[in-house]
Amino acid sequence: MTEPKQLTSTAEVTIGPEQRPLIVTLIAVISGLGSLAAASLLWTQRPEDANTALILTAAIVLVGLGLLISWGLWTLKNWARTAVIGILGLVGLYFATLVVFDAFAEIFGGEQIVPLLKILKSSGLALLRIAAAGAVPLALVYGLIRAESYFRETTQEREVVDRSVWYVLIAAALSAVIIVLLIILFTGKEAWEAITVVGILDMVFGLVWRPGSIIGAEGAQLGMLPMIVGTVLSTFGAMVLGLPLSLGAAILLTEVAPPWVRELFQPAIELLAGVPSVVYGLFGMVVLAPIIRKVPIAGNSGFGLLNASIILAIMILPTVTNISRDAIRAVPKAYKEGSLALGTTHWQTIRQVMLPAARSGIVAAVILGIGRALGETMALIMVIGNSIAMPSPVNDNPLTLFLSTARTLTGNIAVEINYATGVHRSALFFSGVLLFFMILAVNSLARYLMRERLAP
Amino acid sequence: MSGKELSTPIPEALMEGATARKGAGSGSLTRRKLSQAIAFGVFWLAGLLAVAALFWIVGYVLVEGFQVINVEFLTTRPQGGVSGEGGLSTTIVATLYLVVFTMVLATPIGVGAAIYLTEYAADASRRSKFLARLIMVARAGVEILAGVPSIIYGLFGFALFVVAMNTFTGGFSILSASLAGACMVLPVIIRTSEEALLAVPRSYREGSLALGATKWQTITQLVLPAALPGIVTGLILSVGRIVAETAIFWVTIGGSYRLPTSLKSAGRPMALHVYMLATETRAFDKAMGTAAILILTIVILNLGINLTSRYYSKQVMGRTQ
């Protein structure tokens, strides 16, 4: 007996279009009249020098949209309801943003401590202003949400919505590739001047970097080889120091350590990945540099390739550890079990079965680590010394090469871009292009290796 | 899964390796055990060193930093100059603005892209060859973008947003920086959201479609809510990236320590403040204080990620069993 009852109650909820709720009528009238008023305001208050055709078009579009939405609401179309809720939400956000900017200016802008009472007062006032400005839109949004059951949507309209959603989403999906193209386009365009004036080979293999901003455009020399060498050496140093550490940690976390150690180490490594690069740089400046300076060699400032390599080694550790850990974990259990069943020790199994099976993944991890090291910027500027000379050993011992100061390609861009002009700036953009393609090549190689692993 | 693994043939190269190394296993058990002990000792050393490095860096910065952190440091603005007087209040605000506007720009696009790639791409690829190629290109774009180093985003943002779109963005400004930052976090959001959406069981979608819901209704009312905690994890990760980022903002935001009064005004986020204090002033203690606040922020964000993913596995995975 309950079922027919429910049926009748559903029938009662289904109210025809003639029973329009008050709030919907209200918003329909507001949006129609409001768009007319706004358009006439736009037209009468236009500045003297404004483009009349443009403003007229804007006003007409405004009126058209307003009338369309009020017609949609009047006939209880669902799309109109969604549009109004969206617009009201955006307007509310806009006003909230303005109020927040104002309130923060009062609380945080001063050179003295703002007393707590004043903070409370201004934040209370800000909340009140938000509440006052937001009350009407919020009430309207609430009413519209409550009035959902009055709105109708035909199958045809639903399909139109579905199709337009499809277009919007594919545009979003293509955004990444559009950004890549824009990056290539804009950095390439800016780099073009240097390519035509100086030439690619002269820049890549030039030994002297003396940009025009320092000595005048006439004698400018824009050779990047010292920076390229600096980048390669610091990355190499980071690999030498960081790889044993990262791979050892990866094997420890997958095979050797008991679960509770993994539980402890995992968040630590995640934190290591999240620490801002400037914090590493600051640590290198304040802690590592004085330690390295203790090595009694003339010309050793504490800043230089060694410091940079140590900092970079710590920075790439999370990347390499996580990816090689995943690679080792992905080795089928059967390999391990089969090997252990043959009577090998755990270490023999790791060395002779698991590591070879995970090889391509581990290589990919190393390559991705290299990619990260090549692209790192701010931490390196802080510890590498930033000299534009070619790195060279500070005394007869070739190992002291790592005590010499240097500059990386990335650091070169960051240090000089803010004041560079003309060919100099263009050359900096060229080093960006160079870096982009270097890292693209490195990452593609890593991706290729990882894909190979997935499809044996 | 395991059945499939068992049936995969062991790669030939591996078999060759195993036969070639046959002699290696012939050592006495004690010798093999000794070499295992040495190797494992080395791994423990590596792991402990890694964690020790973390504790040294984080511990040092926190201990040194907390010596300068007080109410005055937190609520007054930097006063510039070589001595680096003043606090960091305006940089906190600038960081906040930057995070909010970057996420407002990047989240809809990133999540939208992830929805397309998981929910529509397979169908579309089957329907037309052109679309299949387009989707392949889109995926490649995400992969490439994920590997682009931040200074390149900075250069790009400088050329496009600061210089070319000067009248719209106000040159060096929070808006320019947010646009460049959004490009950086976009691939992060797309990848994590894609993973979260893929983890939603197929039966959810099939059930909803069978009830007569359209695809878009299914996505907004079933798939997205189910994937929400996973998506939120990705968003928090992106917030962390923005808070930690320096190189992009160094060339796009202007670096003024005054309080930003609108989207078009310049500013200085906390990470950039650390850099500028450390390189342009002698105030290493203030830099340490700011760095300590940065680390605390990252720790809190990481905790947030852990909590959401724990909640996520309980909610979604629990329901499917």
# chains A, B, ... in the order shown; residues from 1 in each chain; ligands from 1

$ residues_around --residues "Ile119 (chain A)" --least-positions-apart "5" --cutoff "10 Å" --atoms "only C-alpha atoms" --output "list in words"
Ala103, Phe104, Glu106, Ile107, Phe108, Val114, Gly124 and Leu125 of chain A

$ write_last_selection --atoms "C-alpha atoms" --output "mmCIF file, in the first residue's frame"
data_model
loop_
_atom_site.group_PDB
_atom_site.id
_atom_site.type_symbol
_atom_site.label_atom_id
_atom_site.label_comp_id
_atom_site.auth_asym_id
_atom_site.auth_seq_id
_atom_site.Cartn_x
_atom_site.Cartn_y
_atom_site.Cartn_z
ATOM 1 C CA ALA A 103 41.412 44.201 5.662
ATOM 2 C CA PHE A 104 44.894 42.746 5.166
ATOM 3 C CA GLU A 106 45.076 47.439 7.672
ATOM 4 C CA ILE A 107 46.392 44.492 9.666
ATOM 5 C CA PHE A 108 49.684 43.601 8.007
ATOM 6 C CA VAL A 114 49.120 46.311 15.303
ATOM 7 C CA GLY A 124 35.318 41.828 12.422
ATOM 8 C CA LEU A 125 34.492 44.786 10.210
#

$ closest_atom_pairs --of "chain B" --to "chain A" --cutoff "7 Å" --atoms "only C-alpha atoms" --output "CSV"
residue,atom,partner,partner_atom,distance
B:Glu5,CA,A:Pro332,CA,6.0
B:Leu6,CA,A:Ala334,CA,6.3
B:Leu14,CA,A:Ala357,CA,6.9
B:Ala18,CA,A:Gln352,CA,7.0
B:Gly25,CA,A:Thr344,CA,6.9
B:Arg32,CA,A:Thr345,CA,7.0
B:Gln36,CA,A:Trp347,CA,5.1
B:Phe40,CA,A:Val256,CA,6.9
B:Phe43,CA,A:Gly248,CA,4.6
B:Trp44,CA,A:Leu252,CA,6.4
B:Ala46,CA,A:Leu245,CA,4.8
B:Gly47,CA,A:Ala249,CA,4.3
B:Ala50,CA,A:Leu245,CA,6.7
B:Val51,CA,A:Ala268,CA,6.7
B:Leu54,CA,A:Leu272,CA,6.3
B:Ile57,CA,A:Phe283,CA,6.7
B:Glu72,CA,A:Ile113,CA,5.7
B:Thr75,CA,A:Phe108,CA,5.8
B:Thr76,CA,A:Glu111,CA,4.9
B:Arg77,CA,A:Glu111,CA,5.3
B:Ser89,CA,A:Phe108,CA,5.5
B:Thr90,CA,A:Phe108,CA,6.0
B:Ile109,CA,A:Ala172,CA,5.1
B:Gly110,CA,A:Ala172,CA,7.0
B:Gly112,CA,A:Leu169,CA,5.4
B:Ala113,CA,A:Ala173,CA,3.8
B:Ala114,CA,A:Ala173,CA,7.0
B:Tyr116,CA,A:Leu169,CA,5.5
B:Leu117,CA,A:Ala173,CA,6.8
B:Ala138,CA,A:Leu174,CA,5.1
B:Gly141,CA,A:Val177,CA,4.0
B:Val142,CA,A:Ala176,CA,5.3
B:Ile144,CA,A:Leu440,CA,6.9
B:Leu145,CA,A:Val180,CA,6.4
B:Gly147,CA,A:Asn443,CA,6.8
B:Val148,CA,A:Phe436,CA,6.8
B:Pro149,CA,A:Gly375,CA,4.8
B:Ile151,CA,A:Thr410,CA,6.6
B:Ile152,CA,A:Gly432,CA,6.1
B:Phe156,CA,A:Ile183,CA,5.6
B:Ala159,CA,A:Phe186,CA,6.5
B:Leu160,CA,A:Phe186,CA,6.8
B:Trp216,CA,A:Asp162,CA,6.0
B:Gly240,CA,A:Gly274,CA,6.8
B:Ala244,CA,A:Pro276,CA,4.2
B:Glu245,CA,A:Pro276,CA,6.6
B:Thr246,CA,A:Met378,CA,6.8
B:Ala247,CA,A:Met378,CA,6.0
B:Val251,CA,A:Asn418,CA,6.6
B:Leu259,CA,A:Gly109,CA,5.7
B:Thr261,CA,A:Phe101,CA,6.2
B:Ser262,CA,A:Phe101,CA,6.9
B:Ala271,CA,A:Val278,CA,6.5
B:Val274,CA,A:Val278,CA,6.7
B:Tyr275,CA,A:Val278,CA,6.1
B:Ala278,CA,A:Leu282,CA,6.8
B:Ala291,CA,A:Val279,CA,5.9
B:Ile295,CA,A:Val275,CA,6.3
B:Ile298,CA,A:Gly274,CA,6.4
B:Val299,CA,A:Leu271,CA,6.9

$ residues_around --residues "Ala94 (chain B)" --least-positions-apart "3" --cutoff "7 Å" --atoms "only C-alpha atoms" --output "CSV table (one decimal) with N, CA and C atoms, in the first residue's frame"
chain,number,residue,atom,x,y,z
B,90,THR,N,54.1,41.3,5.3
B,90,THR,CA,53.6,41.5,3.9
B,90,THR,C,53.9,40.3,3.0
B,91,THR,N,55.0,39.5,3.4
B,91,THR,CA,55.4,38.4,2.5
B,91,THR,C,54.4,37.2,2.8
B,97,TYR,N,48.0,35.5,-1.2
B,97,TYR,CA,47.3,35.9,-2.5
B,97,TYR,C,47.8,35.0,-3.7
B,98,LEU,N,49.1,34.8,-3.7
B,98,LEU,CA,49.7,34.1,-4.8
B,98,LEU,C,49.1,32.7,-4.9
B,260,PRO,N,50.8,44.1,-1.2
B,260,PRO,CA,50.1,44.3,-2.5
B,260,PRO,C,48.7,44.8,-2.2
B,267,GLY,N,54.7,42.3,-5.4
B,267,GLY,CA,54.7,41.8,-4.1
B,267,GLY,C,56.0,40.9,-3.9
B,268,ARG,N,56.1,40.3,-2.7
B,268,ARG,CA,57.2,39.4,-2.4
B,268,ARG,C,56.8,38.3,-1.6
B,269,PRO,N,56.7,37.1,-2.2
B,269,PRO,CA,56.3,35.9,-1.3
B,269,PRO,C,57.4,35.5,-0.4

$ closest_residue --among "A:Val141, A:Thr400, A:Val99, A:Asn51" --to "Val84 (chain A)" --atoms "only C-alpha atoms"
A:Val141

$ atom_distance --atom1 "CA of Tyr204 (chain B)" --atom2 "CA of Gly230 (chain B)"
16.4 Å

$ select_by_dssp --residues "region 26-258 of chain B" --states "alpha helix (DSSP H)" --output "PyMOL selection string"
chain B and resi 29-66+71-75+89-115+121-127+129-147+150-157+166-169+174-198+202-210+215-218+224-244+247-250

$ atom_distance --atom1 "CA of Val61 (chain A)" --atom2 "CA of Gly34 (chain A)"
13.4 Å

$ atom_distance --atom1 "CA of Ser122 (chain A)" --atom2 "CA of Ser265 (chain B)"
22.2 Å
